[in-house]
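Have a look at structure_31.txt; it's compact mmCIF, C-alpha atoms:
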```txt
# COMPACT_ATOMS: atom_id res chain seq x y z
CA MET A 1 153.24 103.00 99.47
CA ASP A 2 151.60 105.92 101.10
CA PHE A 3 150.50 104.78 104.51
CA PHE A 4 148.20 107.63 105.42
CA HIS A 5 146.38 108.02 102.16
CA ALA A 6 144.42 104.83 102.40
CA HIS A 7 142.43 105.36 99.27
CA GLN A 8 144.45 103.04 97.09
CA ALA A 9 143.89 99.52 95.90
CA GLN A 10 146.60 97.81 97.91
CA HIS A 11 145.14 98.75 101.29
CA TYR A 12 141.87 97.10 100.42
CA LEU A 13 143.69 94.09 98.96
CA VAL A 14 145.78 93.64 102.12
CA LEU A 15 142.62 93.82 104.22
CA ALA A 16 140.96 91.25 101.94
CA SER A 17 143.91 88.86 102.18
CA LEU A 18 143.97 89.12 105.98
CA LEU A 19 140.23 88.46 106.12
CA PHE A 20 140.64 85.48 103.80
CA ALA A 21 143.44 84.13 106.03
CA LEU A 22 141.18 84.45 109.07
CA GLY A 23 138.40 82.56 107.29
CA ALA A 24 140.75 79.82 106.10
CA ALA A 25 142.18 79.47 109.61
CA GLY A 26 138.63 79.13 110.96
CA VAL A 27 137.81 76.36 108.47
CA VAL A 28 140.97 74.45 109.39
CA LEU A 29 141.05 75.05 113.15
CA ARG A 30 137.45 74.85 114.29
CA ARG A 31 135.48 71.66 114.64
CA ASN A 32 132.00 73.13 115.03
CA ALA A 33 130.31 72.81 111.64
CA ILE A 34 128.33 76.04 112.08
CA ILE A 35 131.52 78.02 112.70
CA VAL A 36 133.13 76.35 109.68
CA LEU A 37 130.22 77.63 107.56
CA MET A 38 130.60 81.11 109.04
CA SER A 39 134.32 81.04 108.20
CA ILE A 40 133.41 80.18 104.61
CA GLU A 41 131.20 83.28 104.58
CA LEU A 42 134.19 85.29 105.79
CA MET A 43 136.29 84.01 102.89
CA LEU A 44 133.54 84.80 100.38
CA ASN A 45 133.39 88.34 101.74
CA ALA A 46 137.14 88.71 101.35
CA VAL A 47 136.75 87.75 97.68
CA ASN A 48 133.93 90.29 97.33
CA LEU A 49 136.19 92.97 98.76
CA THR A 50 138.85 92.10 96.17
CA PHE A 51 136.32 92.36 93.33
CA LEU A 52 135.16 95.76 94.53
CA ALA A 53 138.69 97.05 95.06
CA PHE A 54 139.71 96.13 91.50
CA SER A 55 136.45 97.57 90.21
CA ARG A 56 137.11 100.89 91.93
CA PHE A 57 140.85 101.01 91.12
CA PRO A 58 141.15 99.34 87.71
CA LEU A 59 144.56 98.26 86.44
CA VAL A 60 143.82 99.65 82.98
CA PRO A 61 142.43 103.14 83.50
CA ASN A 62 140.82 103.70 80.10
CA SER A 63 138.60 100.82 79.17
CA PRO A 64 136.52 100.88 76.00
CA MET A 65 133.51 99.93 78.09
CA GLY A 66 133.84 103.14 80.03
CA SER A 67 132.85 101.51 83.28
CA PHE A 68 134.18 98.88 85.63
CA LEU A 69 130.96 97.65 87.10
CA SER A 70 131.52 94.05 86.03
CA GLY A 71 133.12 93.57 89.45
CA HIS A 72 129.92 94.75 91.08
CA ALA A 73 127.95 92.27 88.97
CA ALA A 74 130.32 89.48 90.09
CA VAL A 75 129.82 90.47 93.73
CA PHE A 76 126.06 90.35 93.19
CA PHE A 77 126.33 86.75 91.99
CA VAL A 78 128.68 85.83 94.84
CA ILE A 79 126.17 87.18 97.37
CA ALA A 80 123.33 85.19 95.80
CA THR A 81 125.45 82.03 95.68
CA ALA A 82 126.56 82.51 99.29
CA ALA A 83 122.95 82.81 100.42
CA ALA A 84 122.07 79.57 98.60
CA GLU A 85 125.17 77.87 100.01
CA ALA A 86 124.31 78.92 103.57
CA ALA A 87 120.75 77.61 103.23
CA VAL A 88 121.84 74.22 101.87
CA GLY A 89 124.79 73.93 104.27
CA LEU A 90 122.67 74.65 107.32
CA ALA A 91 120.05 72.16 106.10
CA ILE A 92 122.80 69.52 105.83
CA ILE A 93 123.99 70.38 109.35
CA ILE A 94 120.45 69.91 110.67
CA ALA A 95 120.06 66.60 108.81
CA VAL A 96 123.40 65.31 110.13
CA PHE A 97 122.60 66.53 113.64
CA ARG A 98 119.42 64.43 113.53
CA SER A 99 121.32 61.21 112.90
CA ARG A 100 124.58 61.83 114.79
CA THR A 101 123.41 64.27 117.54
CA SER A 102 126.56 66.25 116.99
CA VAL A 103 127.87 69.14 114.91
CA ASN A 104 131.51 68.19 115.42
CA VAL A 105 133.08 67.79 111.99
CA ASP A 106 135.59 65.27 113.38
CA GLU A 107 132.74 62.84 113.95
CA PHE A 108 131.41 63.05 110.39
CA ASP A 109 133.61 60.20 109.15
CA THR A 110 131.10 57.73 107.77
CA LEU A 111 132.45 58.13 104.24
CA LYS A 112 136.00 57.48 105.40
CA LEU A 113 137.38 54.17 104.12
CA MET B 1 142.51 112.05 105.07
CA ALA B 2 138.97 111.42 106.28
CA GLU B 3 138.84 108.41 104.01
CA ALA B 4 142.06 107.07 105.53
CA ILE B 5 140.72 107.44 109.08
CA LEU B 6 137.43 105.77 108.14
CA PHE B 7 139.27 102.99 106.29
CA TYR B 8 141.47 102.10 109.25
CA LEU B 9 138.49 102.31 111.63
CA PHE B 10 136.43 99.93 109.48
CA ALA B 11 139.41 97.68 108.74
CA ILE B 12 140.21 97.21 112.43
CA GLY B 13 136.54 96.52 113.06
CA VAL B 14 136.41 93.92 110.28
CA LEU B 15 139.52 92.12 111.50
CA VAL B 16 138.60 92.18 115.20
CA ALA B 17 135.05 90.96 114.53
CA GLY B 18 136.34 88.34 112.08
CA ALA B 19 138.81 87.09 114.71
CA GLN B 20 135.98 86.85 117.25
CA VAL B 21 134.10 84.59 114.82
CA ILE B 22 136.80 81.95 114.84
CA PHE B 23 138.02 82.35 118.44
CA ARG B 24 134.75 82.38 120.38
CA ARG B 25 133.81 78.94 121.65
CA ASN B 26 130.05 79.51 121.68
CA PRO B 27 128.72 79.87 118.11
CA ILE B 28 126.12 82.47 119.08
CA TYR B 29 128.87 84.97 119.95
CA GLY B 30 130.50 84.09 116.66
CA ALA B 31 127.26 84.77 114.79
CA ILE B 32 126.81 88.16 116.45
CA SER B 33 130.43 89.07 115.71
CA LEU B 34 129.87 88.03 112.10
CA VAL B 35 126.96 90.49 111.87
CA GLY B 36 129.29 93.21 113.16
CA CYS B 37 131.94 92.15 110.65
CA PHE B 38 129.41 92.44 107.79
CA PHE B 39 128.38 95.92 108.91
CA PHE B 40 132.00 97.09 109.01
CA LEU B 41 132.52 95.53 105.56
CA ALA B 42 129.51 97.48 104.28
CA GLY B 43 131.28 100.63 105.47
CA ILE B 44 134.38 99.58 103.52
CA TYR B 45 132.20 99.02 100.44
CA VAL B 46 130.82 102.55 100.73
CA LEU B 47 134.41 103.83 100.81
CA LEU B 48 134.87 101.93 97.52
CA ALA B 49 131.84 103.74 96.04
CA ALA B 50 129.86 100.48 95.90
CA HIS B 51 126.67 101.82 97.39
CA LEU B 52 124.27 99.22 96.01
CA ILE B 53 126.54 96.37 97.11
CA ALA B 54 126.85 97.88 100.59
CA ILE B 55 123.07 97.95 100.97
CA LEU B 56 122.82 94.41 99.59
CA GLN B 57 125.48 93.30 102.05
CA ILE B 58 123.43 94.56 104.98
CA LEU B 59 120.11 93.29 103.60
CA VAL B 60 121.20 89.85 102.43
CA TYR B 61 124.15 88.95 104.64
CA ALA B 62 123.49 90.73 107.93
CA GLY B 63 119.76 90.29 107.47
CA ALA B 64 118.80 87.06 105.78
CA VAL B 65 121.84 84.79 106.01
CA MET B 66 122.62 85.62 109.61
CA VAL B 67 119.00 85.04 110.64
CA LEU B 68 119.40 81.55 109.14
CA PHE B 69 122.57 80.96 111.16
CA VAL B 70 121.09 82.23 114.43
CA PHE B 71 117.95 80.18 113.81
CA VAL B 72 119.95 76.99 113.32
CA ILE B 73 122.05 77.71 116.42
CA MET B 74 118.84 78.16 118.38
CA LEU B 75 117.34 74.99 116.85
CA LEU B 76 120.33 72.80 117.71
CA ASN B 77 120.51 74.29 121.24
CA LEU B 78 123.95 72.87 122.01
CA LYS B 79 124.71 72.28 125.67
CA GLU B 80 127.87 73.54 127.25
CA GLU B 81 129.47 70.07 127.26
CA GLU B 82 128.52 69.41 123.64
CA LEU B 83 130.58 72.38 122.50
CA GLY B 84 133.75 70.55 123.42
CA GLU B 85 136.60 71.95 125.43
CA ALA B 86 138.87 74.50 123.86
CA ARG B 87 141.92 72.59 122.67
CA TRP B 88 144.37 75.38 122.16
CA THR B 89 147.88 74.16 121.78
CA THR B 90 150.93 76.33 121.44
CA TRP B 91 151.55 75.03 117.95
CA LYS B 92 148.06 76.01 116.84
CA ALA B 93 148.59 79.55 118.11
CA ILE B 94 152.01 79.75 116.46
CA GLY B 95 150.58 78.41 113.19
CA LEU B 96 147.71 80.89 113.20
CA ALA B 97 150.01 83.81 113.94
CA ALA B 98 152.39 82.65 111.21
CA VAL B 99 149.55 82.40 108.67
CA VAL B 100 148.14 85.84 109.45
CA VAL B 101 151.51 87.59 109.69
CA GLY B 102 152.83 85.78 106.62
CA THR B 103 149.77 86.73 104.59
CA GLY B 104 150.05 90.32 105.71
CA VAL B 105 153.77 90.57 104.94
CA ILE B 106 153.47 88.87 101.54
CA ALA B 107 150.47 90.99 100.58
CA TRP B 108 152.19 94.15 101.74
CA ARG B 109 155.53 93.46 100.08
CA ALA B 110 154.01 92.10 96.86
CA LEU B 111 151.11 94.51 96.49
CA GLY B 112 153.00 97.62 97.53
CA PRO B 113 155.39 97.66 94.56
CA ALA B 114 152.70 96.39 92.19
CA TYR B 115 150.52 99.47 92.65
CA PRO B 116 152.57 102.61 92.79
CA GLY B 117 150.55 105.20 94.58
CA GLY B 118 149.39 108.11 92.53
CA PRO B 119 146.63 110.65 92.34
CA THR B 120 143.32 108.86 92.12
CA VAL B 121 139.90 110.17 91.27
CA ASP B 122 137.72 110.70 94.30
CA ASN B 123 134.48 108.83 94.62
CA ALA B 124 132.17 111.74 93.83
CA SER B 125 133.61 112.34 90.36
CA LEU B 126 133.46 108.71 89.27
CA GLN B 127 130.93 108.42 86.48
CA THR B 128 129.83 105.72 84.15
CA ARG B 129 127.81 106.11 81.00
CA TRP B 130 124.73 105.08 82.99
CA GLY B 131 125.04 107.40 85.93
CA ALA B 132 126.90 107.39 89.20
CA PHE B 133 129.47 104.65 89.76
CA GLY B 134 128.13 101.90 91.96
CA GLY B 135 124.58 103.19 91.99
CA VAL B 136 121.49 101.10 91.38
CA LYS B 137 121.05 102.30 87.82
CA ALA B 138 124.61 101.72 86.66
CA VAL B 139 124.93 98.29 88.28
CA GLY B 140 121.48 97.35 86.97
CA TYR B 141 122.44 98.23 83.41
CA THR B 142 125.64 96.21 83.77
CA LEU B 143 123.72 93.23 85.11
CA TYR B 144 121.01 93.30 82.48
CA ILE B 145 123.19 94.09 79.49
CA GLY B 146 126.40 92.30 80.35
CA SER B 147 125.18 89.26 82.23
CA LEU B 148 121.51 88.66 81.65
CA LEU B 149 121.76 84.86 81.44
CA PRO B 150 123.74 84.44 84.69
CA PHE B 151 121.27 86.79 86.36
CA GLU B 152 118.33 84.61 85.35
CA LEU B 153 120.24 81.44 86.24
CA THR B 154 120.81 82.90 89.71
CA SER B 155 117.09 82.94 90.32
CA LEU B 156 116.97 79.28 89.27
CA LEU B 157 119.86 78.56 91.65
CA LEU B 158 118.02 80.21 94.54
CA LEU B 159 114.87 78.22 93.76
CA VAL B 160 116.85 74.95 93.67
CA ALA B 161 118.59 75.88 96.93
CA VAL B 162 115.31 76.60 98.69
CA VAL B 163 113.78 73.31 97.56
CA ALA B 164 116.97 71.43 98.42
CA ALA B 165 117.15 72.99 101.89
CA VAL B 166 113.57 71.92 102.64
CA VAL B 167 114.11 68.41 101.26
CA VAL B 168 117.37 67.87 103.15
CA ALA B 169 116.33 69.36 106.47
CA LYS B 170 112.87 67.80 106.62
CA GLY B 171 113.02 64.25 107.84
CA LYS B 172 110.07 62.84 105.94
CA ILE B 173 108.40 64.53 103.01
```
Since I need it in another form, could you write the structure as structure tokens?
Amino acid sequence: MDFFHAHQAQHYLVLASLLFALGAAGVVLRRNAIIVLMSIELMLNAVNLTFLAFSRFPLVPNSPMGSFLSGHAAVFFVIATAAAEAAVGLAIIIAVFRSRTSVNVDEFDTLKL
Amino acid sequence: MAEAILFYLFAIGVLVAGAQVIFRRNPIYGAISLVGCFFFLAGIYVLLAAHLIAILQILVYAGAVMVLFVFVIMLLNLKEEELGEARWTTWKAIGLAAVVVGTGVIAWRALGPAYPGGPTVDNASLQTRWGAFGGVKAVGYTLYIGSLLPFELTSLLLLVAVVAAVVVAKGKI
């Protein structure tokens, strides 16, 4: 792999996997619910980066469609879904904070048997 | 060469800002770092010739979503003692380092052989049948021709999410 010619798919994919690992580590390690949501956003962005990298550097160079913008369309939907998810997630955090006066995910154990 | 320099600049920015998000104790610093991370990612998207997505990233993520986060952080107004003390154990640090390094090594060793480097087209000469790659027109045609139903369903999803957010967050309707 050519280290100094970064314009190839694998560089972007390695960056995306590292970003996804950071987001997953944040979800597992942190106990603040807001930071857990932000880590989920990090993971969604890593997935977006993967979509765009495969869209720019397709595995099959000559597609009958002539374009590889389906990845861009997928990223569009991911962005819209992430916005909806953030709105609902933050509303849930506010609702839980009202009843428990805490955003610590360790204390949200009412459903635990 | 310029693309390589820009890529590594943006990549280091993305990773450093992303690490700040999960390591900062106070969520407001995490939120600000996340905005920085999204801006660096938009730069990466421009390197990938995804101009419309880069603008959307800044508008929707760094603009709208992060305003929501900062607003909720301000609304909750957590005191210093409510944030909890940082419980960093050696095993946590070792585990985190192992995850990140392991992911990097696996990705590098597995992805390197899978994509043999070769001459690639540069961004300027990428064309689709509907105009420049990644531009508004080309992505718009793809959205409206290839995925019209999901596009319309997305608007329904956003409407449902807005109503749900109001219903959940408001104590009494």
Which residues of chain A sit at most 8 Å from chain B, using all atoms listed in the file? Give each one's shortest atom pair and distance in Å (one decimal place), in chain and ascending residue order, as a tab-separated table.
```
residue	atom	partner	partner_atom	distance
A:Met1	CA	B:Gly112	CA	5.7
A:Asp2	CA	B:Gly117	CA	6.6
A:Phe4	CA	B:Ala4	CA	6.2
A:His5	CA	B:Ala4	CA	5.6
A:Ala6	CA	B:Ala4	CA	4.5
A:His7	CA	B:Ala4	CA	6.5
A:Gln8	CA	B:Gly117	CA	6.9
A:Ala9	CA	B:Tyr115	CA	7.4
A:Gln10	CA	B:Leu111	CA	5.8
A:Leu13	CA	B:Ala107	CA	7.6
A:Val14	CA	B:Ala107	CA	5.6
A:Leu15	CA	B:Ala11	CA	6.8
A:Ser17	CA	B:Thr103	CA	6.7
A:Leu18	CA	B:Gly104	CA	6.2
A:Leu19	CA	B:Leu15	CA	6.5
A:Ala21	CA	B:Val100	CA	6.1
A:Leu22	CA	B:Ala19	CA	6.7
A:Gly23	CA	B:Ile22	CA	7.7
A:Ala25	CA	B:Leu96	CA	6.7
A:Gly26	CA	B:Ile22	CA	5.1
A:Leu29	CA	B:Lys92	CA	8.0
A:Arg30	CA	B:Ile22	CA	7.2
A:Asn32	CA	B:Leu83	CA	7.6
A:Ile34	CA	B:Pro27	CA	7.2
A:Ile35	CA	B:Pro27	CA	6.4
A:Met38	CA	B:Ala31	CA	7.6
A:Ser39	CA	B:Ile22	CA	7.1
A:Leu42	CA	B:Gly18	CA	7.3
A:Leu49	CA	B:Tyr45	CA	7.4
A:Leu52	CA	B:Leu48	CA	6.9
A:Ala53	CA	B:Leu48	CA	6.7
A:Arg56	CA	B:Leu48	CA	6.1
A:Gly66	CA	B:Thr128	CA	6.3
A:Ser67	CA	B:Thr128	CA	5.3
A:Leu69	CA	B:Val139	CA	6.2
A:Ser70	CA	B:Thr142	CA	6.7
A:His72	CA	B:Val139	CA	6.7
A:Ala73	CA	B:Leu143	CA	5.8
A:Val75	CA	B:Ile53	CA	7.5
A:Phe76	CA	B:Ile53	CA	7.2
A:Phe77	CA	B:Thr154	CA	7.1
A:Ile79	CA	B:Val60	CA	7.6
A:Ala80	CA	B:Thr154	CA	7.0
A:Thr81	CA	B:Thr154	CA	7.6
A:Ala83	CA	B:Val65	CA	6.0
A:Ala84	CA	B:Ala161	CA	5.3
A:Glu85	CA	B:Ala161	CA	7.5
A:Ala86	CA	B:Val65	CA	6.8
A:Ala87	CA	B:Ala165	CA	6.0
A:Val88	CA	B:Ala165	CA	4.8
A:Leu90	CA	B:Val72	CA	7.0
A:Ala91	CA	B:Ala169	CA	4.7
A:Ile92	CA	B:Val168	CA	6.3
A:Ile94	CA	B:Ala169	CA	5.9
A:Ala95	CA	B:Ala169	CA	5.2
A:Phe97	CA	B:Leu76	CA	7.8
A:Ser102	CA	B:Glu82	CA	7.6
```
Those residues with C-alpha atoms, as an mmCIF file, keeping the file's coordinate frame please?
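File out03.cif, as written:
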```cif
data_model
loop_
_atom_site.group_PDB
_atom_site.id
_atom_site.type_symbol
_atom_site.label_atom_id
_atom_site.label_comp_id
_atom_site.auth_asym_id
_atom_site.auth_seq_id
_atom_site.Cartn_x
_atom_site.Cartn_y
_atom_site.Cartn_z
ATOM 1 C CA MET A 1 153.240 103.000 99.470
ATOM 2 C CA ASP A 2 151.600 105.920 101.100
ATOM 3 C CA PHE A 4 148.200 107.630 105.420
ATOM 4 C CA HIS A 5 146.380 108.020 102.160
ATOM 5 C CA ALA A 6 144.420 104.830 102.400
ATOM 6 C CA HIS A 7 142.430 105.360 99.270
ATOM 7 C CA GLN A 8 144.450 103.040 97.090
ATOM 8 C CA ALA A 9 143.890 99.520 95.900
ATOM 9 C CA GLN A 10 146.600 97.810 97.910
ATOM 10 C CA LEU A 13 143.690 94.090 98.960
ATOM 11 C CA VAL A 14 145.780 93.640 102.120
ATOM 12 C CA LEU A 15 142.620 93.820 104.220
ATOM 13 C CA SER A 17 143.910 88.860 102.180
ATOM 14 C CA LEU A 18 143.970 89.120 105.980
ATOM 15 C CA LEU A 19 140.230 88.460 106.120
ATOM 16 C CA ALA A 21 143.440 84.130 106.030
ATOM 17 C CA LEU A 22 141.180 84.450 109.070
ATOM 18 C CA GLY A 23 138.400 82.560 107.290
ATOM 19 C CA ALA A 25 142.180 79.470 109.610
ATOM 20 C CA GLY A 26 138.630 79.130 110.960
ATOM 21 C CA LEU A 29 141.050 75.050 113.150
ATOM 22 C CA ARG A 30 137.450 74.850 114.290
ATOM 23 C CA ASN A 32 132.000 73.130 115.030
ATOM 24 C CA ILE A 34 128.330 76.040 112.080
ATOM 25 C CA ILE A 35 131.520 78.020 112.700
ATOM 26 C CA MET A 38 130.600 81.110 109.040
ATOM 27 C CA SER A 39 134.320 81.040 108.200
ATOM 28 C CA LEU A 42 134.190 85.290 105.790
ATOM 29 C CA LEU A 49 136.190 92.970 98.760
ATOM 30 C CA LEU A 52 135.160 95.760 94.530
ATOM 31 C CA ALA A 53 138.690 97.050 95.060
ATOM 32 C CA ARG A 56 137.110 100.890 91.930
ATOM 33 C CA GLY A 66 133.840 103.140 80.030
ATOM 34 C CA SER A 67 132.850 101.510 83.280
ATOM 35 C CA LEU A 69 130.960 97.650 87.100
ATOM 36 C CA SER A 70 131.520 94.050 86.030
ATOM 37 C CA HIS A 72 129.920 94.750 91.080
ATOM 38 C CA ALA A 73 127.950 92.270 88.970
ATOM 39 C CA VAL A 75 129.820 90.470 93.730
ATOM 40 C CA PHE A 76 126.060 90.350 93.190
ATOM 41 C CA PHE A 77 126.330 86.750 91.990
ATOM 42 C CA ILE A 79 126.170 87.180 97.370
ATOM 43 C CA ALA A 80 123.330 85.190 95.800
ATOM 44 C CA THR A 81 125.450 82.030 95.680
ATOM 45 C CA ALA A 83 122.950 82.810 100.420
ATOM 46 C CA ALA A 84 122.070 79.570 98.600
ATOM 47 C CA GLU A 85 125.170 77.870 100.010
ATOM 48 C CA ALA A 86 124.310 78.920 103.570
ATOM 49 C CA ALA A 87 120.750 77.610 103.230
ATOM 50 C CA VAL A 88 121.840 74.220 101.870
ATOM 51 C CA LEU A 90 122.670 74.650 107.320
ATOM 52 C CA ALA A 91 120.050 72.160 106.100
ATOM 53 C CA ILE A 92 122.800 69.520 105.830
ATOM 54 C CA ILE A 94 120.450 69.910 110.670
ATOM 55 C CA ALA A 95 120.060 66.600 108.810
ATOM 56 C CA PHE A 97 122.600 66.530 113.640
ATOM 57 C CA SER A 102 126.560 66.250 116.990
#
```
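Of the listed residues A:Glu107, A:Ala16, A:Gly89, A:Val78, the one whose atoms come nearest to A:Leu37 is A:Gly89, with distances taken using all atoms listed in the file.
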**Request:** Take atom CA of A:Asn48 and atom CA of B:Leu9 and report the distance between them in Å, one decimal.
**Result:** 19.2 Å
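When atom CA of B:Lys79 is paired with atom CA of B:Phe39, their separation reads 29.2 Å.
What separates atom CA of B:Val136 from atom CA of B:Gly13 is a distance of 26.8 Å.
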Could you work out an axis-aligned bounding box for all listed atoms of stretch 31-45 of chain B, with 5 Å added on each of the six sides, and give its centre and edge lengths in Å to one decimal, as lines of an AutoDock Vina configuration file?
```
center_x = 130.6
center_y = 92.7
center_z = 108.4
size_x = 17.6
size_y = 25.9
size_z = 26.0
```
